[in-house]
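Source file: entry_27.cif; contents: mmCIF, C-alpha atoms.
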```
data_protein
loop_
_atom_site.group_PDB
_atom_site.id
_atom_site.type_symbol
_atom_site.label_atom_id
_atom_site.label_comp_id
_atom_site.auth_asym_id
_atom_site.auth_seq_id
_atom_site.Cartn_x
_atom_site.Cartn_y
_atom_site.Cartn_z
ATOM 1 C CA MET I 1 7.658 17.925 15.089
ATOM 2 C CA ASN I 2 4.542 19.755 13.924
ATOM 3 C CA ARG I 3 1.688 17.634 12.670
ATOM 4 C CA PRO I 4 0.382 18.579 9.226
ATOM 5 C CA THR I 5 -3.035 20.227 9.074
ATOM 6 C CA ASP I 6 -6.047 18.251 7.901
ATOM 7 C CA ASN I 7 -5.970 20.311 4.710
ATOM 8 C CA THR I 8 -2.310 19.403 4.081
ATOM 9 C CA CYS I 9 -3.104 15.734 4.668
ATOM 10 C CA ALA I 10 -5.967 15.891 2.181
ATOM 11 C CA LEU I 11 -3.813 17.696 -0.382
ATOM 12 C CA ARG I 12 -1.061 15.091 -0.037
ATOM 13 C CA LEU I 13 -3.443 12.221 -0.713
ATOM 14 C CA ARG I 14 -5.137 14.102 -3.552
ATOM 15 C CA PHE I 15 -1.721 14.719 -5.108
ATOM 16 C CA ILE I 16 -0.916 10.993 -5.009
ATOM 17 C CA GLN I 17 -4.368 10.036 -6.287
ATOM 18 C CA THR I 18 -4.081 12.356 -9.296
ATOM 19 C CA HIS I 19 -0.393 11.904 -10.107
ATOM 20 C CA PRO I 20 0.045 10.569 -13.679
ATOM 21 C CA LEU I 21 2.247 7.658 -12.510
ATOM 22 C CA PHE I 22 -0.390 6.615 -9.996
ATOM 23 C CA THR I 23 -3.375 6.971 -12.315
ATOM 24 C CA SER I 24 -1.660 5.231 -15.224
ATOM 25 C CA SER I 25 -0.514 2.392 -12.945
ATOM 26 C CA CYS I 26 -4.035 1.947 -11.589
ATOM 27 C CA GLN I 27 -5.556 1.973 -15.080
ATOM 28 C CA ARG I 28 -3.024 -0.522 -16.410
ATOM 29 C CA LEU I 29 -3.453 -2.770 -13.365
ATOM 30 C CA GLU I 30 -7.180 -2.837 -13.959
ATOM 31 C CA GLU I 31 -6.562 -3.930 -17.566
ATOM 32 C CA LEU I 32 -4.008 -6.578 -16.596
ATOM 33 C CA GLU I 33 -6.149 -8.026 -13.800
ATOM 34 C CA ARG I 34 -9.500 -7.908 -15.567
ATOM 35 C CA THR I 35 -9.702 -11.730 -15.744
ATOM 36 C CA ARG I 36 -7.516 -12.499 -12.707
ATOM 37 C CA LEU I 37 -8.937 -15.232 -10.453
ATOM 38 C CA PHE I 38 -6.866 -14.211 -7.454
ATOM 39 C CA CYS I 39 -6.761 -11.049 -5.360
ATOM 40 C CA SER I 40 -6.734 -7.862 -7.356
ATOM 41 C CA HIS I 41 -4.752 -4.712 -6.754
ATOM 42 C CA GLN I 42 -7.265 -1.983 -7.407
ATOM 43 C CA ILE I 43 -8.057 1.178 -5.434
ATOM 44 C CA SER I 44 -10.502 -0.768 -3.239
ATOM 45 C CA HIS I 45 -7.591 -2.957 -2.061
ATOM 46 C CA PHE I 46 -5.377 0.076 -1.419
ATOM 47 C CA LEU I 47 -8.118 1.698 0.678
ATOM 48 C CA ASP I 48 -8.881 -1.523 2.566
ATOM 49 C CA VAL I 49 -5.201 -1.784 3.502
ATOM 50 C CA ALA I 50 -5.151 1.872 4.587
ATOM 51 C CA ARG I 51 -8.249 1.556 6.740
ATOM 52 C CA ILE I 52 -7.121 -1.644 8.433
ATOM 53 C CA ALA I 53 -3.641 -0.241 9.063
ATOM 54 C CA TYR I 54 -5.097 2.964 10.476
ATOM 55 C CA ILE I 55 -7.414 1.051 12.813
ATOM 56 C CA MET I 56 -4.449 -1.010 14.059
ATOM 57 C CA ASN I 57 -2.477 2.227 14.500
ATOM 58 C CA LEU I 58 -5.259 3.617 16.708
ATOM 59 C CA GLU I 59 -5.711 0.384 18.662
ATOM 60 C CA GLU I 60 -1.981 0.065 19.315
ATOM 61 C CA LYS I 61 -1.659 3.815 20.036
ATOM 62 C CA LEU I 62 1.294 4.124 17.646
ATOM 63 C CA GLY I 63 0.586 7.747 16.766
ATOM 64 C CA ILE I 64 1.406 7.426 13.062
ATOM 65 C CA SER I 65 -0.369 10.102 11.060
ATOM 66 C CA ARG I 66 -3.303 9.015 8.951
ATOM 67 C CA ASP I 67 -1.892 10.546 5.758
ATOM 68 C CA LEU I 68 1.392 8.664 6.192
ATOM 69 C CA ILE I 69 -0.512 5.378 6.474
ATOM 70 C CA TYR I 70 -2.811 6.196 3.561
ATOM 71 C CA ALA I 71 0.088 7.317 1.351
ATOM 72 C CA ALA I 72 1.960 4.061 1.957
ATOM 73 C CA ALA I 73 -1.189 2.008 1.365
ATOM 74 C CA LEU I 74 -2.119 3.837 -1.834
ATOM 75 C CA LEU I 75 1.372 3.334 -3.232
ATOM 76 C CA HIS I 76 2.269 -0.159 -1.990
ATOM 77 C CA ASP I 77 1.143 -2.187 -5.034
ATOM 78 C CA ILE I 78 1.568 0.253 -7.933
ATOM 79 C CA GLY I 79 4.638 -1.687 -9.051
ATOM 80 C CA LYS I 80 2.445 -4.690 -9.960
ATOM 81 C CA VAL I 81 2.321 -3.535 -13.591
ATOM 82 C CA GLN I 82 6.082 -3.913 -13.924
ATOM 83 C CA GLN I 83 5.935 -7.279 -12.161
ATOM 84 C CA TYR I 84 3.367 -8.542 -14.650
ATOM 85 C CA GLU I 85 5.055 -7.045 -17.697
ATOM 86 C CA SER I 86 8.777 -7.346 -16.864
ATOM 87 C CA GLY I 87 9.103 -9.733 -13.933
ATOM 88 C CA ILE I 88 10.445 -7.027 -11.590
ATOM 89 C CA PRO I 89 9.257 -7.719 -8.018
ATOM 90 C CA HIS I 90 6.441 -5.257 -7.414
ATOM 91 C CA GLU I 91 7.791 -3.994 -4.111
ATOM 92 C CA ILE I 92 11.010 -2.911 -5.867
ATOM 93 C CA ALA I 93 9.209 -1.385 -8.846
ATOM 94 C CA GLY I 94 6.647 0.192 -6.535
ATOM 95 C CA ARG I 95 9.310 1.778 -4.344
ATOM 96 C CA LYS I 96 10.825 3.422 -7.413
ATOM 97 C CA LEU I 97 7.466 4.725 -8.667
ATOM 98 C CA ALA I 98 6.484 5.919 -5.195
ATOM 99 C CA SER I 99 9.831 7.668 -4.809
ATOM 100 C CA GLN I 100 9.147 9.639 -7.999
ATOM 101 C CA ILE I 101 5.603 10.523 -6.947
ATOM 102 C CA LEU I 102 6.773 11.685 -3.518
ATOM 103 C CA ALA I 103 9.625 13.680 -5.075
ATOM 104 C CA ASP I 104 7.155 15.468 -7.360
ATOM 105 C CA MET I 105 5.010 16.614 -4.431
ATOM 106 C CA PRO I 106 5.067 20.407 -4.028
ATOM 107 C CA GLU I 107 7.231 21.611 -1.164
ATOM 108 C CA GLU I 108 4.346 23.209 0.741
ATOM 109 C CA ILE I 109 2.618 19.837 1.182
ATOM 110 C CA ALA I 110 5.577 17.453 0.844
ATOM 111 C CA PHE I 111 6.301 14.754 3.365
ATOM 112 C CA THR I 112 9.506 15.220 5.327
ATOM 113 C CA LYS I 113 12.594 13.271 4.299
ATOM 114 C CA GLU I 114 12.054 10.903 7.251
ATOM 115 C CA GLU I 115 8.397 10.356 6.324
ATOM 116 C CA LYS I 116 9.349 9.588 2.717
ATOM 117 C CA LEU I 117 11.912 7.054 3.942
ATOM 118 C CA GLN I 118 9.251 5.427 6.138
ATOM 119 C CA ILE I 119 6.785 5.197 3.244
ATOM 120 C CA LEU I 120 9.412 3.733 0.902
ATOM 121 C CA ALA I 121 10.606 1.237 3.533
ATOM 122 C CA ALA I 122 6.998 0.157 4.123
ATOM 123 C CA ILE I 123 6.445 -0.381 0.388
ATOM 124 C CA LEU I 124 9.675 -2.338 0.061
ATOM 125 C CA GLY I 125 8.872 -4.484 3.103
ATOM 126 C CA HIS I 126 5.157 -5.093 2.699
ATOM 127 C CA ARG I 127 5.551 -8.588 1.244
ATOM 128 C CA ASN I 128 7.947 -10.102 3.784
ATOM 129 C CA LEU I 129 8.128 -8.655 7.270
ATOM 130 C CA LYS I 130 11.689 -8.163 8.521
ATOM 131 C CA ASP I 131 12.658 -8.659 12.152
ATOM 132 C CA ASN I 132 13.652 -4.993 12.437
ATOM 133 C CA ALA I 133 10.676 -3.569 10.540
ATOM 134 C CA GLY I 134 9.518 -0.111 11.518
ATOM 135 C CA PRO I 135 5.987 0.599 12.760
ATOM 136 C CA LEU I 136 4.639 1.803 9.397
ATOM 137 C CA GLU I 137 6.196 -1.152 7.592
ATOM 138 C CA THR I 138 4.610 -3.533 10.106
ATOM 139 C CA LEU I 139 1.199 -1.871 9.795
ATOM 140 C CA LEU I 140 1.321 -2.029 5.994
ATOM 141 C CA TYR I 141 2.383 -5.689 6.016
ATOM 142 C CA LYS I 142 -0.376 -6.681 8.438
ATOM 143 C CA GLY I 143 -3.025 -4.518 6.784
ATOM 144 C CA ASP I 144 -2.176 -5.957 3.378
ATOM 145 C CA LYS I 145 -2.562 -9.530 4.580
ATOM 146 C CA MET I 146 -5.662 -8.850 6.692
ATOM 147 C CA SER I 147 -7.392 -7.136 3.763
ATOM 148 C CA ARG I 148 -7.602 -10.430 1.917
ATOM 149 C CA ALA I 149 -10.590 -12.686 2.512
ATOM 150 C CA CYS I 150 -8.779 -15.927 1.639
ATOM 151 C CA PHE I 151 -11.293 -17.877 3.741
ATOM 152 C CA ALA I 152 -14.017 -16.913 1.247
ATOM 153 C CA CYS I 153 -11.997 -16.987 -1.976
ATOM 154 C CA GLN I 154 -13.006 -19.483 -4.656
ATOM 155 C CA ALA I 155 -9.390 -19.555 -5.919
ATOM 156 C CA GLU I 156 -7.823 -20.155 -2.475
ATOM 157 C CA ALA I 157 -6.741 -23.730 -3.287
ATOM 158 C CA GLU I 158 -4.796 -22.570 -6.370
ATOM 159 C CA CYS I 159 -3.270 -19.510 -4.658
ATOM 160 C CA ASN I 160 0.519 -19.507 -4.393
ATOM 161 C CA TRP I 161 0.528 -17.693 -1.044
ATOM 162 C CA SER I 162 1.874 -19.821 1.776
ATOM 163 C CA ASP I 163 -0.669 -21.007 4.334
ATOM 164 C CA GLU I 164 0.986 -18.723 6.903
ATOM 165 C CA LYS I 165 0.216 -15.640 4.794
ATOM 166 C CA LYS I 166 -3.345 -16.572 3.902
ATOM 167 C CA ASN I 167 -6.033 -14.821 5.890
ATOM 168 C CA MET I 168 -8.256 -17.733 6.819
ATOM 169 C CA GLU I 169 -10.396 -16.029 9.473
ATOM 170 C CA ILE I 170 -12.055 -12.767 10.329
ATOM 171 C CA HIS I 171 -9.809 -10.819 12.672
ATOM 172 C CA LEU I 172 -11.222 -8.627 15.428
#
```
Show this structure as C-alpha cells.
Amino acid sequence: MNRPTDNTCALRLRFIQTHPLFTSSCQRLEELERTRLFCSHQISHFLDVARIAYIMNLEEKLGISRDLIYAAALLHDIGKVQQYESGIPHEIAGRKLASQILADMPEEIAFTKEEKLQILAAILGHRNLKDNAGPLETLLYKGDKMSRACFACQAEAECNWSDEKKNMEIHL
C-alpha cells in the first residue's frame, strides 16, 4: 500500500481540525468543562495523546502512519459533549461524529476504508482495552491514560477513575 504524502497527511489533519462537527464539539466542550476540577478534553489533551501514541509507535516500530494516529487522537473525545448533555457514552457518540467527519473528507485526501475502520475502532475502544485490540486502538488507549498527570492532580482523590487507570508516575 502506498503511504500518503506529507502534504496529504497535513491536509487530512487540517480537514479534521476545521470540520464544523469538530470545531463545534471543541467549543462546546470548552464551555462545559470551564469549571471542571478533573481532566479536561481540550485540544491540548488531544495533541498530548497523539504525541505520546506516536512516540510509542516509533519505539515499538509499529509502522502506523503519523496522520492515522493524530486523526484518532484528535477525534477520540469529541463525543464528550453528548455524554455530558445526554448521557451517551462518549466513545459511542465520538465514533458516530468521527464517522461523519471521515465520510465528509474529500476523496483525494480521504483515508482508506481500512484506515477509517481502524480509527473508529480506536475511538470506540480507547476507554477499555479489549484483549484483541488492534495496534492503533492499543496506542490510543495507552496514550490517553499516559497523557494524564494523576500523580500531580489536586482532584485525584475525588476522581472516579480506578486506581489501575490512574497515571501515578512519569513513564519513560
Check your understanding: Of the candidates I:Asn160, I:Leu62, I:Ala155, I:Leu172, which one gets nearest to Phe38 (chain I) if we count all atoms listed in the file?
Key -> I:Ala155
Practice item. Carefully work through the PyMOL selection byres ((chain I and resi 118) around 9) for this structure and note down the residues it includes, as an MDAnalysis selection string. Key: chainID I and resid 68 72 113:117 119:123 134:137
Check your understanding: Do you have the CA of Gly63 (chain I)-CA of Met146 (chain I) distance handy?
Key ->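 One can read the CA of Gly63 (chain I) to CA of Met146 (chain I) distance as 20.4 Å.
Relative to CA of Met105 (chain I), CA of Glu60 (chain I) is found at 29.8 Å.
Run against this file, the PyMOL selection byres ((chain I and resi 12-23) around 9) gives back Asn7, Thr8, Cys9, Ala10, Leu11, Ser24, Ser25, Cys26, Gln27, Arg28, Asp67, Tyr70, Ala71, Leu74, Leu75, Ile78, Leu97, Ala98, Gln100, Ile101, Leu102, Asp104, Met105, Pro106, Ile109, Ala110 and Phe111 of chain I.
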Practice item. Using CA of Tyr84 (chain I) and CA of Ile43 (chain I) as the two end points, give the distance in Å to one decimal. Key: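 Separation of CA of Tyr84 (chain I) and CA of Ile43 (chain I): 17.6 Å.
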Review point. Looking at all atoms listed in the file, which of I:Cys150, I:Ala133, I:Ala73, I:Leu32 is the one that sits closest to Val49 (chain I)?
Key: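 So, comparing all the options, the nearest one is I:Ala73.
The nearest approach to Thr138 (chain I) among the residues I:Glu33, I:Gly79, I:Ser40, I:Met56, with all atoms listed in the file taken into account, belongs to I:Met56.
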Point to revise | Selected residue, from I:Val81, I:Leu124, I:Leu37, I:Ala149, that lies nearest to Lys96 (chain I) when counting only C-alpha atoms | key: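 Once distances to Lys96 (chain I) are computed over only C-alpha atoms, the minimum belongs to I:Leu124.
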Exercise for review: Compare I:Gly143, I:Pro4, I:Gly125, I:Gly87 by their minimum atom-to-atom distance to Asn167 (chain I), counting all atoms listed in the file, and give me the closest one.
Suggested key: I:Gly143
Review point. Between I:Asp144, I:Glu156, I:Glu164, I:Glu31, which is the closest to Ala50 (chain I) once you count all atoms listed in the file?
Key: I:Asp144
Exercise for review: May I have the protein, DNA and RNA residues with an atom at most 12 Å from (-6.3, -16.2, 5.3), counting all atoms listed in the file in the file's coordinates, returned as a VMD selection string?
Suggested key: chain I and resid 39 142 144 to 153 156 to 157 159 161 to 171
